[in-house]
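Heads up: the structure comes next, in structure tokens.
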Amino acid sequence: MRAHEAGALHADGYRGPSWLRPPDDVNALVPQLWAQGVRREPGGRLEVAGVPVDRIAAQYGTPAYVVDERDFRARAAAFRDAFADAFAHLCGRADIYYAGKAFVTTEVARWIADEGLSLDTCTGGEMAVALRAGVPASRIGLHGNNKSDGEIARALDNGIGRIIVDSLGEVDRIADAAGARGVRAPVLLRVTVGVEAHTHSYIATAHEDQKFGLSLSGGVAHEAVARALARPELDVRGLHSHIGSQIFDVQGFEVAARRVLGLHAEVLREHGVALPELDIGGGFGIAYTTEHDPLPPAELARGMADIIGKECADLGVDVPRISAEPGRAIAGPSTFTLYTVGTTKDVGLDGGGTRRYVAVDGGMSDNIRTALYDADYSATLAGRRSEAPPLLSRVVGKHCESGDVVVKDEFLPADIGPGDLLAVPGTGAYCRSLSNQYNHVPRPPVLAVRDGEVRVLLRRETEDDLFALDMG
């Protein structure tokens with residue numbers, strides 16, 4: 001059958017993606033999509049950590065990002081313990097660097113430090129948040145493919161624990177800056193290992209044709225190692241590899257580990273230096289819909305430990321100290337976004353049939369991932385129970401763009417209407433951090449809920465905030 005010019009979403013008889021099925025109970029929550037503290041109370045309202053969502057909406061308005069603090073902390077601790085246990089017999093310990101780019105505030109950075117994790121940053125702004133939060137500088141890392149002189153200087157002046165070198169030019173820039181200060185800069189070299197992660201091209205980061213890292217196949221990584229070891233101002237701690245995001249198995253990591261550990265062994269053979277550390281990156285996937293089946297941290301860590309242990313044994317080298325960088329896997333499931341429904345429309349499709357459009361009071365300003373990555377999300381009626389049948393619906397935002405879609409396909413109650421509360425799970429990572437003020441829509445607040453109490457981590461923006469930078 002000839003494809004529709006506008007794509008499969010407009011084709012005759014479209015009934016949603018193959019993995020989406022009409023639910024037996026439209027009110028039921030799919031556990032793997034939600035934070036541990038989220039449940040539906042007997043009356044039908046959603047509540048998180050003992051606080052019903054209608055109370056949150058009444059006090060703080062919508063849209064709002066709602067974080068289950070205990071869930072966030074528990075996921076951080078699960079990665080900490082899983083990697084520590086899995087690598088204990090191989091290298092003594094493993095370090096977890098929470099990827100702050102997923103989502104970070106001053107308070108969240110303190111949660112991370114409290115749980116014994118380190119914090120990975122990739123800009124001066126993220127580094128400033130970590131320092132403001134009181135995270136020990138020795139437990140902060142700095143990434144970035146185009147670090148400014150100011151960011152490098154700030155990292156060195158504050159004693160940041162490691163700087164990840166992303167290009168040949170950075171080797172000398174960091175070394176010169178360290179020499180001017182009379183310090184040695186602790187560095188890891190980010191190696192592009194040529195692994196094509198099975199994910200969206202925008203979030204696959206280890207194939208050759210992209211901006212990150214030092215190419216292994218092109219010889220740039222070898223040259224960077226030689227240059228870095230020749231600069232006494234640099235303390236070359238080891239290698240770094242990151243293959244992408246939303247990855248659900250360890251197969252890609254196996255190929256990446258083999259290649260980066262091969263370079264590790266070559267450095268020992270050619271330069272007589274046993275690099276003490278290896279960072280295997282992050283990118284561990286989460287369940288956004290019933291289509292996704294992520295590995296639990298313990299299973300993920302065991303799989304990686306088996307791979308790294310075997311590769312090091314085959315190469316005849318000791319296992320270096322391992323670190324990993326989960327971000328989404330900690331922050332993502334801990335948060336949902338709470339919206340209020342405005343208009344609903346039944347829109348006729350080409351060739352017959354209709355689709356229910358459910359418009360909410362946010363959209364691509366608070367979650368641009370659907371437009372940017374073609375990401376999938378789920379949603380549920382949050383403020384009440386419904387006895388209406390499920391209807392295939394699309395949740396859209398209020399912005400002046402046809403691509404302003406929050407949830408492409410979901411079965412929602414047929415009686416959903418204006419004033420209803422709608423919750424979209426899995427929005428803790430790359431939603432607030434990618435948020436924007438498109439159409440001059442102020443950004444939502446971030447609310448942490450714990451033991452029946454709600455705290456504001458980031459307040460709602462106002463029109464005054466919009467005008468604050470407007471010099472007119």
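Starting from 1 in every chain, residues are counted up; chains themselves are A, B, ... following the order of the structure tokens, and ligands are numbered from 1 as listed.
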Contacts of Ser217 of chain A within 10 Å, only C-alpha atoms, excl. fewer than 6 positions in-chain, as a PyMOL selection string: chain A and resi 191-194+208+259
Please return as a ChimeraX atom specification: the residues of segment 143-363 of chain A that backbone DSSP assigns to helix (DSSP H, G or I). /A:149-157,168-181,201-203,220-229,251-271,297-315,328-334
Would you save the residues of that selection, restricted to C-alpha atoms, as a PDB file, in the first residue's frame?
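Okay, this is what ended up in again30.pdb:
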ATOM      1  CA  ASP A 149      38.996  29.101  28.761  1.00  0.00           C
ATOM      2  CA  GLY A 150      36.845  30.344  31.627  1.00  0.00           C
ATOM      3  CA  GLU A 151      35.351  26.898  32.261  1.00  0.00           C
ATOM      4  CA  ILE A 152      38.788  25.266  32.263  1.00  0.00           C
ATOM      5  CA  ALA A 153      40.116  27.954  34.600  1.00  0.00           C
ATOM      6  CA  ARG A 154      37.175  27.563  36.960  1.00  0.00           C
ATOM      7  CA  ALA A 155      37.628  23.802  37.077  1.00  0.00           C
ATOM      8  CA  LEU A 156      41.319  24.116  37.891  1.00  0.00           C
ATOM      9  CA  ASP A 157      40.883  26.940  40.402  1.00  0.00           C
ATOM     10  CA  LEU A 168      43.514  17.317  20.592  1.00  0.00           C
ATOM     11  CA  GLY A 169      43.480  21.064  21.092  1.00  0.00           C
ATOM     12  CA  GLU A 170      42.196  20.660  24.646  1.00  0.00           C
ATOM     13  CA  VAL A 171      45.262  18.646  25.635  1.00  0.00           C
ATOM     14  CA  ASP A 172      47.514  21.685  25.318  1.00  0.00           C
ATOM     15  CA  ARG A 173      44.899  24.220  26.438  1.00  0.00           C
ATOM     16  CA  ILE A 174      44.300  22.385  29.710  1.00  0.00           C
ATOM     17  CA  ALA A 175      47.992  21.724  30.211  1.00  0.00           C
ATOM     18  CA  ASP A 176      48.874  25.405  29.615  1.00  0.00           C
ATOM     19  CA  ALA A 177      46.172  26.571  32.013  1.00  0.00           C
ATOM     20  CA  ALA A 178      47.344  24.122  34.666  1.00  0.00           C
ATOM     21  CA  GLY A 179      50.966  25.173  34.205  1.00  0.00           C
ATOM     22  CA  ALA A 180      50.057  28.826  34.655  1.00  0.00           C
ATOM     23  CA  ARG A 181      48.547  27.897  38.024  1.00  0.00           C
ATOM     24  CA  SER A 201      20.958   9.672  15.836  1.00  0.00           C
ATOM     25  CA  TYR A 202      20.897  12.807  18.003  1.00  0.00           C
ATOM     26  CA  ILE A 203      21.711  10.790  21.135  1.00  0.00           C
ATOM     27  CA  VAL A 220      43.517  10.633  16.974  1.00  0.00           C
ATOM     28  CA  ALA A 221      43.049   8.878  20.316  1.00  0.00           C
ATOM     29  CA  HIS A 222      46.572   7.424  20.161  1.00  0.00           C
ATOM     30  CA  GLU A 223      47.986  10.847  19.362  1.00  0.00           C
ATOM     31  CA  ALA A 224      46.052  12.419  22.232  1.00  0.00           C
ATOM     32  CA  VAL A 225      47.433   9.850  24.688  1.00  0.00           C
ATOM     33  CA  ALA A 226      50.993  10.532  23.544  1.00  0.00           C
ATOM     34  CA  ARG A 227      50.512  14.303  23.759  1.00  0.00           C
ATOM     35  CA  ALA A 228      48.905  14.139  27.181  1.00  0.00           C
ATOM     36  CA  LEU A 229      51.566  11.852  28.649  1.00  0.00           C
ATOM     37  CA  GLN A 251      25.938  -5.672  23.708  1.00  0.00           C
ATOM     38  CA  GLY A 252      26.998  -2.226  22.548  1.00  0.00           C
ATOM     39  CA  PHE A 253      29.009  -1.781  25.724  1.00  0.00           C
ATOM     40  CA  GLU A 254      30.760  -5.090  25.036  1.00  0.00           C
ATOM     41  CA  VAL A 255      32.126  -3.875  21.695  1.00  0.00           C
ATOM     42  CA  ALA A 256      33.017  -0.479  23.164  1.00  0.00           C
ATOM     43  CA  ALA A 257      34.791  -2.048  26.159  1.00  0.00           C
ATOM     44  CA  ARG A 258      36.822  -4.319  23.917  1.00  0.00           C
ATOM     45  CA  ARG A 259      38.026  -1.395  21.813  1.00  0.00           C
ATOM     46  CA  VAL A 260      38.738   1.072  24.585  1.00  0.00           C
ATOM     47  CA  LEU A 261      40.480  -1.574  26.703  1.00  0.00           C
ATOM     48  CA  GLY A 262      42.514  -2.468  23.653  1.00  0.00           C
ATOM     49  CA  LEU A 263      43.777   1.122  23.657  1.00  0.00           C
ATOM     50  CA  HIS A 264      44.370   0.851  27.411  1.00  0.00           C
ATOM     51  CA  ALA A 265      46.599  -2.187  26.796  1.00  0.00           C
ATOM     52  CA  GLU A 266      48.435  -0.440  23.951  1.00  0.00           C
ATOM     53  CA  VAL A 267      49.214   2.514  26.223  1.00  0.00           C
ATOM     54  CA  LEU A 268      50.761   0.125  28.731  1.00  0.00           C
ATOM     55  CA  ARG A 269      52.760  -1.644  26.039  1.00  0.00           C
ATOM     56  CA  GLU A 270      53.933   1.446  24.141  1.00  0.00           C
ATOM     57  CA  HIS A 271      54.325   3.988  26.938  1.00  0.00           C
ATOM     58  CA  PRO A 297      20.996  -1.659  37.843  1.00  0.00           C
ATOM     59  CA  ALA A 298      22.256  -4.879  39.457  1.00  0.00           C
ATOM     60  CA  GLU A 299      21.869  -6.881  36.254  1.00  0.00           C
ATOM     61  CA  LEU A 300      23.380  -4.085  34.192  1.00  0.00           C
ATOM     62  CA  ALA A 301      26.385  -3.804  36.504  1.00  0.00           C
ATOM     63  CA  ARG A 302      26.963  -7.565  36.577  1.00  0.00           C
ATOM     64  CA  GLY A 303      26.864  -7.721  32.791  1.00  0.00           C
ATOM     65  CA  MET A 304      29.392  -4.924  32.473  1.00  0.00           C
ATOM     66  CA  ALA A 305      31.650  -6.421  35.128  1.00  0.00           C
ATOM     67  CA  ASP A 306      31.646  -9.753  33.285  1.00  0.00           C
ATOM     68  CA  ILE A 307      32.533  -8.029  30.005  1.00  0.00           C
ATOM     69  CA  ILE A 308      35.299  -5.890  31.459  1.00  0.00           C
ATOM     70  CA  GLY A 309      36.752  -8.706  33.555  1.00  0.00           C
ATOM     71  CA  LYS A 310      36.935 -11.011  30.532  1.00  0.00           C
ATOM     72  CA  GLU A 311      38.437  -8.370  28.235  1.00  0.00           C
ATOM     73  CA  CYS A 312      41.099  -7.408  30.751  1.00  0.00           C
ATOM     74  CA  ALA A 313      41.976 -11.077  31.323  1.00  0.00           C
ATOM     75  CA  ASP A 314      42.263 -11.680  27.585  1.00  0.00           C
ATOM     76  CA  LEU A 315      44.515  -8.624  27.237  1.00  0.00           C
ATOM     77  CA  ARG A 328      18.211   9.484  32.900  1.00  0.00           C
ATOM     78  CA  ALA A 329      17.996   6.127  34.726  1.00  0.00           C
ATOM     79  CA  ILE A 330      18.006   7.972  38.069  1.00  0.00           C
ATOM     80  CA  ALA A 331      16.062  11.137  37.309  1.00  0.00           C
ATOM     81  CA  GLY A 332      13.657  10.036  34.584  1.00  0.00           C
ATOM     82  CA  PRO A 333      11.226   7.674  36.338  1.00  0.00           C
ATOM     83  CA  SER A 334      11.272   9.740  39.549  1.00  0.00           C
TER      84      SER A 334
END
Interatomic distance between atom CA of Asp361 of chain A and atom CA of Asp68 of chain A?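 Calculated distance between atom CA of Asp361 of chain A and atom CA of Asp68 of chain A is 22.0 Å.
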Shell around Ala88 of chain A at 12 Å using only C-alpha atoms, local window under 4 positions removed, as a list in words: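 The residues satisfying every condition are Arg80, Asp81, Ala82, Phe83, Ala84, Gly92, Arg93, Ala94, Asp95, Ala301, Arg302, Ala305, Gly309, Val319, Pro320, Arg321 and Ile322 of chain A.
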Could you write those residues out with N, CA, C and O atoms, as a PDB file, in the first residue's frame?
ATOM      1  N   ARG A  80      24.703   3.073  42.835  1.00  0.00           N
ATOM      2  CA  ARG A  80      25.901   3.078  43.695  1.00  0.00           C
ATOM      3  C   ARG A  80      26.211   1.673  44.194  1.00  0.00           C
ATOM      4  O   ARG A  80      27.350   1.187  44.067  1.00  0.00           O
ATOM      5  N   ASP A  81      25.226   1.007  44.752  1.00  0.00           N
ATOM      6  CA  ASP A  81      25.446  -0.309  45.349  1.00  0.00           C
ATOM      7  C   ASP A  81      25.673  -1.384  44.296  1.00  0.00           C
ATOM      8  O   ASP A  81      26.512  -2.278  44.478  1.00  0.00           O
ATOM      9  N   ALA A  82      24.937  -1.314  43.184  1.00  0.00           N
ATOM     10  CA  ALA A  82      25.053  -2.345  42.157  1.00  0.00           C
ATOM     11  C   ALA A  82      26.446  -2.370  41.552  1.00  0.00           C
ATOM     12  O   ALA A  82      27.050  -3.445  41.396  1.00  0.00           O
ATOM     13  N   PHE A  83      26.990  -1.208  41.219  1.00  0.00           N
ATOM     14  CA  PHE A  83      28.317  -1.175  40.607  1.00  0.00           C
ATOM     15  C   PHE A  83      29.404  -1.467  41.636  1.00  0.00           C
ATOM     16  O   PHE A  83      30.410  -2.104  41.311  1.00  0.00           O
ATOM     17  N   ALA A  84      29.212  -1.018  42.871  1.00  0.00           N
ATOM     18  CA  ALA A  84      30.190  -1.336  43.916  1.00  0.00           C
ATOM     19  C   ALA A  84      30.271  -2.840  44.123  1.00  0.00           C
ATOM     20  O   ALA A  84      31.368  -3.415  44.215  1.00  0.00           O
ATOM     21  N   GLY A  92      38.222  -3.422  43.203  1.00  0.00           N
ATOM     22  CA  GLY A  92      38.067  -2.851  44.535  1.00  0.00           C
ATOM     23  C   GLY A  92      36.841  -1.985  44.696  1.00  0.00           C
ATOM     24  O   GLY A  92      36.140  -2.089  45.700  1.00  0.00           O
ATOM     25  N   ARG A  93      36.541  -1.150  43.698  1.00  0.00           N
ATOM     26  CA  ARG A  93      35.385  -0.273  43.810  1.00  0.00           C
ATOM     27  C   ARG A  93      35.024   0.284  42.438  1.00  0.00           C
ATOM     28  O   ARG A  93      35.805   0.185  41.486  1.00  0.00           O
ATOM     29  N   ALA A  94      33.857   0.847  42.364  1.00  0.00           N
ATOM     30  CA  ALA A  94      33.420   1.557  41.164  1.00  0.00           C
ATOM     31  C   ALA A  94      32.743   2.844  41.606  1.00  0.00           C
ATOM     32  O   ALA A  94      32.103   2.892  42.655  1.00  0.00           O
ATOM     33  N   ASP A  95      32.912   3.880  40.828  1.00  0.00           N
ATOM     34  CA  ASP A  95      32.348   5.188  41.146  1.00  0.00           C
ATOM     35  C   ASP A  95      31.180   5.488  40.216  1.00  0.00           C
ATOM     36  O   ASP A  95      31.226   5.198  39.022  1.00  0.00           O
ATOM     37  N   ALA A 301      25.030  -3.859  35.956  1.00  0.00           N
ATOM     38  CA  ALA A 301      26.385  -3.804  36.504  1.00  0.00           C
ATOM     39  C   ALA A 301      27.083  -5.160  36.396  1.00  0.00           C
ATOM     40  O   ALA A 301      28.275  -5.227  36.052  1.00  0.00           O
ATOM     41  N   ARG A 302      26.354  -6.232  36.689  1.00  0.00           N
ATOM     42  CA  ARG A 302      26.963  -7.565  36.577  1.00  0.00           C
ATOM     43  C   ARG A 302      27.380  -7.860  35.141  1.00  0.00           C
ATOM     44  O   ARG A 302      28.462  -8.414  34.895  1.00  0.00           O
ATOM     45  N   ALA A 305      30.497  -5.864  34.412  1.00  0.00           N
ATOM     46  CA  ALA A 305      31.650  -6.421  35.128  1.00  0.00           C
ATOM     47  C   ALA A 305      32.152  -7.685  34.441  1.00  0.00           C
ATOM     48  O   ALA A 305      33.374  -7.897  34.316  1.00  0.00           O
ATOM     49  N   GLY A 309      35.855  -7.711  32.978  1.00  0.00           N
ATOM     50  CA  GLY A 309      36.752  -8.706  33.555  1.00  0.00           C
ATOM     51  C   GLY A 309      37.320  -9.630  32.504  1.00  0.00           C
ATOM     52  O   GLY A 309      38.527  -9.930  32.500  1.00  0.00           O
ATOM     53  N   VAL A 319      42.362  -4.842  35.849  1.00  0.00           N
ATOM     54  CA  VAL A 319      41.139  -4.065  35.654  1.00  0.00           C
ATOM     55  C   VAL A 319      41.330  -2.686  36.283  1.00  0.00           C
ATOM     56  O   VAL A 319      41.635  -2.576  37.475  1.00  0.00           O
ATOM     57  N   PRO A 320      41.188  -1.627  35.491  1.00  0.00           N
ATOM     58  CA  PRO A 320      41.308  -0.281  36.076  1.00  0.00           C
ATOM     59  C   PRO A 320      40.113   0.044  36.949  1.00  0.00           C
ATOM     60  O   PRO A 320      39.096  -0.654  36.923  1.00  0.00           O
ATOM     61  N   ARG A 321      40.227   1.110  37.722  1.00  0.00           N
ATOM     62  CA  ARG A 321      39.097   1.575  38.515  1.00  0.00           C
ATOM     63  C   ARG A 321      37.994   2.051  37.573  1.00  0.00           C
ATOM     64  O   ARG A 321      38.240   2.867  36.679  1.00  0.00           O
ATOM     65  N   ILE A 322      36.784   1.550  37.778  1.00  0.00           N
ATOM     66  CA  ILE A 322      35.685   1.782  36.851  1.00  0.00           C
ATOM     67  C   ILE A 322      34.770   2.885  37.377  1.00  0.00           C
ATOM     68  O   ILE A 322      34.512   2.993  38.577  1.00  0.00           O
TER      69      ILE A 322
END
Report as a short mmCIF file (atom, residue, chain, number, x, y, z; two decimals) with C-alpha atoms, in the first residue's frame all protein, DNA and RNA residues lying within 6 Å of Ala382 of chain A, evaluated on only C-alpha atoms, omitting residues in the same chain fewer than 5 positions from it.
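Just written: selection32.cif:
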data_model
loop_
_atom_site.label_atom_id
_atom_site.label_comp_id
_atom_site.auth_asym_id
_atom_site.auth_seq_id
_atom_site.Cartn_x
_atom_site.Cartn_y
_atom_site.Cartn_z
CA ARG A 45 -7.07 10.46 42.32
CA LEU A 46 -3.38 10.01 41.68
CA LEU A 421 -5.76 16.71 35.42
CA LEU A 422 -3.43 14.65 33.22
CA ALA A 423 -0.09 13.16 34.32
#
Find the residues near segment 116-122 of chain A: any atom within 9 Å, counting only C-alpha atoms, skip ones fewer than 2 places away on the same chain, and give them as number ranges by chain. A: 76-77, 80, 95-101, 109, 111-114, 124-127, 130, 135-136, 138-145, 147, 325
Which residues are near Pro390 of chain A? Cut-off 7 Å, only C-alpha atoms, ignore same chain within fewer than 4 positions. Put them as a PDB file with N, CA, C and O atoms, in the first residue's frame.
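See selection.pdb below for the written result:
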ATOM      1  N   PRO A  22      -5.187  -1.483  23.730  1.00  0.00           N
ATOM      2  CA  PRO A  22      -6.203  -0.904  24.612  1.00  0.00           C
ATOM      3  C   PRO A  22      -6.145  -1.558  25.989  1.00  0.00           C
ATOM      4  O   PRO A  22      -6.077  -2.788  26.092  1.00  0.00           O
ATOM      5  N   VAL A  26      -8.626   1.459  32.060  1.00  0.00           N
ATOM      6  CA  VAL A  26      -8.002   2.711  31.644  1.00  0.00           C
ATOM      7  C   VAL A  26      -7.444   3.494  32.832  1.00  0.00           C
ATOM      8  O   VAL A  26      -6.649   4.422  32.661  1.00  0.00           O
ATOM      9  N   PHE A 411      -4.094   5.521  25.064  1.00  0.00           N
ATOM     10  CA  PHE A 411      -5.509   5.285  25.309  1.00  0.00           C
ATOM     11  C   PHE A 411      -5.913   6.021  26.581  1.00  0.00           C
ATOM     12  O   PHE A 411      -5.420   5.720  27.672  1.00  0.00           O
ATOM     13  N   LEU A 412      -6.776   7.016  26.418  1.00  0.00           N
ATOM     14  CA  LEU A 412      -7.287   7.805  27.527  1.00  0.00           C
ATOM     15  C   LEU A 412      -8.801   7.630  27.606  1.00  0.00           C
ATOM     16  O   LEU A 412      -9.444   7.255  26.617  1.00  0.00           O
ATOM     17  N   PRO A 413      -9.396   7.901  28.759  1.00  0.00           N
ATOM     18  CA  PRO A 413     -10.847   7.758  28.872  1.00  0.00           C
ATOM     19  C   PRO A 413     -11.582   8.650  27.868  1.00  0.00           C
ATOM     20  O   PRO A 413     -11.185   9.797  27.643  1.00  0.00           O
ATOM     21  N   ALA A 414     -12.626   8.127  27.294  1.00  0.00           N
ATOM     22  CA  ALA A 414     -13.365   8.872  26.277  1.00  0.00           C
ATOM     23  C   ALA A 414     -14.031  10.117  26.842  1.00  0.00           C
ATOM     24  O   ALA A 414     -14.394  11.025  26.089  1.00  0.00           O
TER      25      ALA A 414
END
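Between atom CA of Pro23 of chain A and atom CA of Thr354 of chain A the interatomic distance comes to 19.2 Å.
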Assign secondary structure with DSSP using the backbone only, and return the residues of segment 98-233 of chain A in strand (DSSP E) as a ChimeraX atom specification. /A:98-99,118-121,140-142,162-165,185-192,214-215
In terms of the shortest atom-to-atom distance over only C-alpha atoms, which of A:Val449, A:Val165, A:Ala102, A:Leu278 is closest to Arg432 of chain A?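 Of all the options, A:Ala102 lies closest to Arg432 of chain A.
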Between atom CA of Asp366 of chain A and atom CA of Ala78 of chain A, what is the distance, to one decimal in Å? 28.0 Å
Would you list the contacts of Leu458 of chain A as a PyMOL selection string, taking every protein, DNA or RNA residue within 10 Å and counting only C-alpha atoms, but skipping same-chain residues closer than 5 positions in sequence? chain A and resi 65+105-107+432+443-448
Produce a file of the selected residues containing N, CA and C atoms, as a PDB file, in the first residue's frame.
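result.pdb was written with the following content:
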ATOM      1  N   TYR A  65       6.385  20.001  37.214  1.00  0.00           N
ATOM      2  CA  TYR A  65       7.165  18.767  37.329  1.00  0.00           C
ATOM      3  C   TYR A  65       7.105  18.317  38.796  1.00  0.00           C
ATOM      4  N   THR A 105      19.506  20.598  40.053  1.00  0.00           N
ATOM      5  CA  THR A 105      19.320  21.854  40.773  1.00  0.00           C
ATOM      6  C   THR A 105      20.272  21.805  41.957  1.00  0.00           C
ATOM      7  N   THR A 106      20.348  22.877  42.699  1.00  0.00           N
ATOM      8  CA  THR A 106      21.201  22.876  43.883  1.00  0.00           C
ATOM      9  C   THR A 106      20.797  21.768  44.841  1.00  0.00           C
ATOM     10  N   GLU A 107      19.499  21.623  45.089  1.00  0.00           N
ATOM     11  CA  GLU A 107      19.033  20.607  46.021  1.00  0.00           C
ATOM     12  C   GLU A 107      19.263  19.200  45.478  1.00  0.00           C
ATOM     13  N   ARG A 432      12.909  19.348  32.031  1.00  0.00           N
ATOM     14  CA  ARG A 432      13.239  20.667  32.586  1.00  0.00           C
ATOM     15  C   ARG A 432      14.572  21.167  32.051  1.00  0.00           C
ATOM     16  N   ARG A 443       8.380  28.864  32.299  1.00  0.00           N
ATOM     17  CA  ARG A 443       8.646  27.461  32.612  1.00  0.00           C
ATOM     18  C   ARG A 443       7.974  27.046  33.922  1.00  0.00           C
ATOM     19  N   PRO A 444       7.585  25.763  34.004  1.00  0.00           N
ATOM     20  CA  PRO A 444       6.884  25.271  35.196  1.00  0.00           C
ATOM     21  C   PRO A 444       7.813  25.149  36.397  1.00  0.00           C
ATOM     22  N   PRO A 445       7.239  25.019  37.581  1.00  0.00           N
ATOM     23  CA  PRO A 445       8.050  24.764  38.767  1.00  0.00           C
ATOM     24  C   PRO A 445       8.448  23.293  38.835  1.00  0.00           C
ATOM     25  N   VAL A 446       9.469  23.020  39.647  1.00  0.00           N
ATOM     26  CA  VAL A 446       9.851  21.654  39.990  1.00  0.00           C
ATOM     27  C   VAL A 446       9.550  21.472  41.472  1.00  0.00           C
ATOM     28  N   LEU A 447       8.709  20.489  41.775  1.00  0.00           N
ATOM     29  CA  LEU A 447       8.234  20.275  43.135  1.00  0.00           C
ATOM     30  C   LEU A 447       8.707  18.912  43.625  1.00  0.00           C
ATOM     31  N   ALA A 448       9.374  18.882  44.762  1.00  0.00           N
ATOM     32  CA  ALA A 448       9.802  17.631  45.370  1.00  0.00           C
ATOM     33  C   ALA A 448       8.795  17.227  46.437  1.00  0.00           C
TER      34      ALA A 448
END
Can you work out which one of A:Glu461, A:Leu234, A:Thr337, A:Asn436 has the shortest atom-to-atom distance to Val48 of chain A, counting only C-alpha atoms? A:Thr337
Ile164 of chain A proximity check over A:Leu90, A:Leu188, A:Ala49, A:Ala64, using only C-alpha atoms: winner is A:Leu188
Could you tell me which of A:Gln59, A:Asn27, A:Asn439, A:Thr370 comes closest to Arg460 of chain A if we count only C-alpha atoms? A:Gln59
Name the closest residue to Val396 of chain A among the candidates A:Thr427, A:Thr344, A:Gln437, A:Gln246; distances are taken between atoms, counting only C-alpha atoms.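 With only C-alpha atoms as the atom set, the closest residue is A:Thr344.
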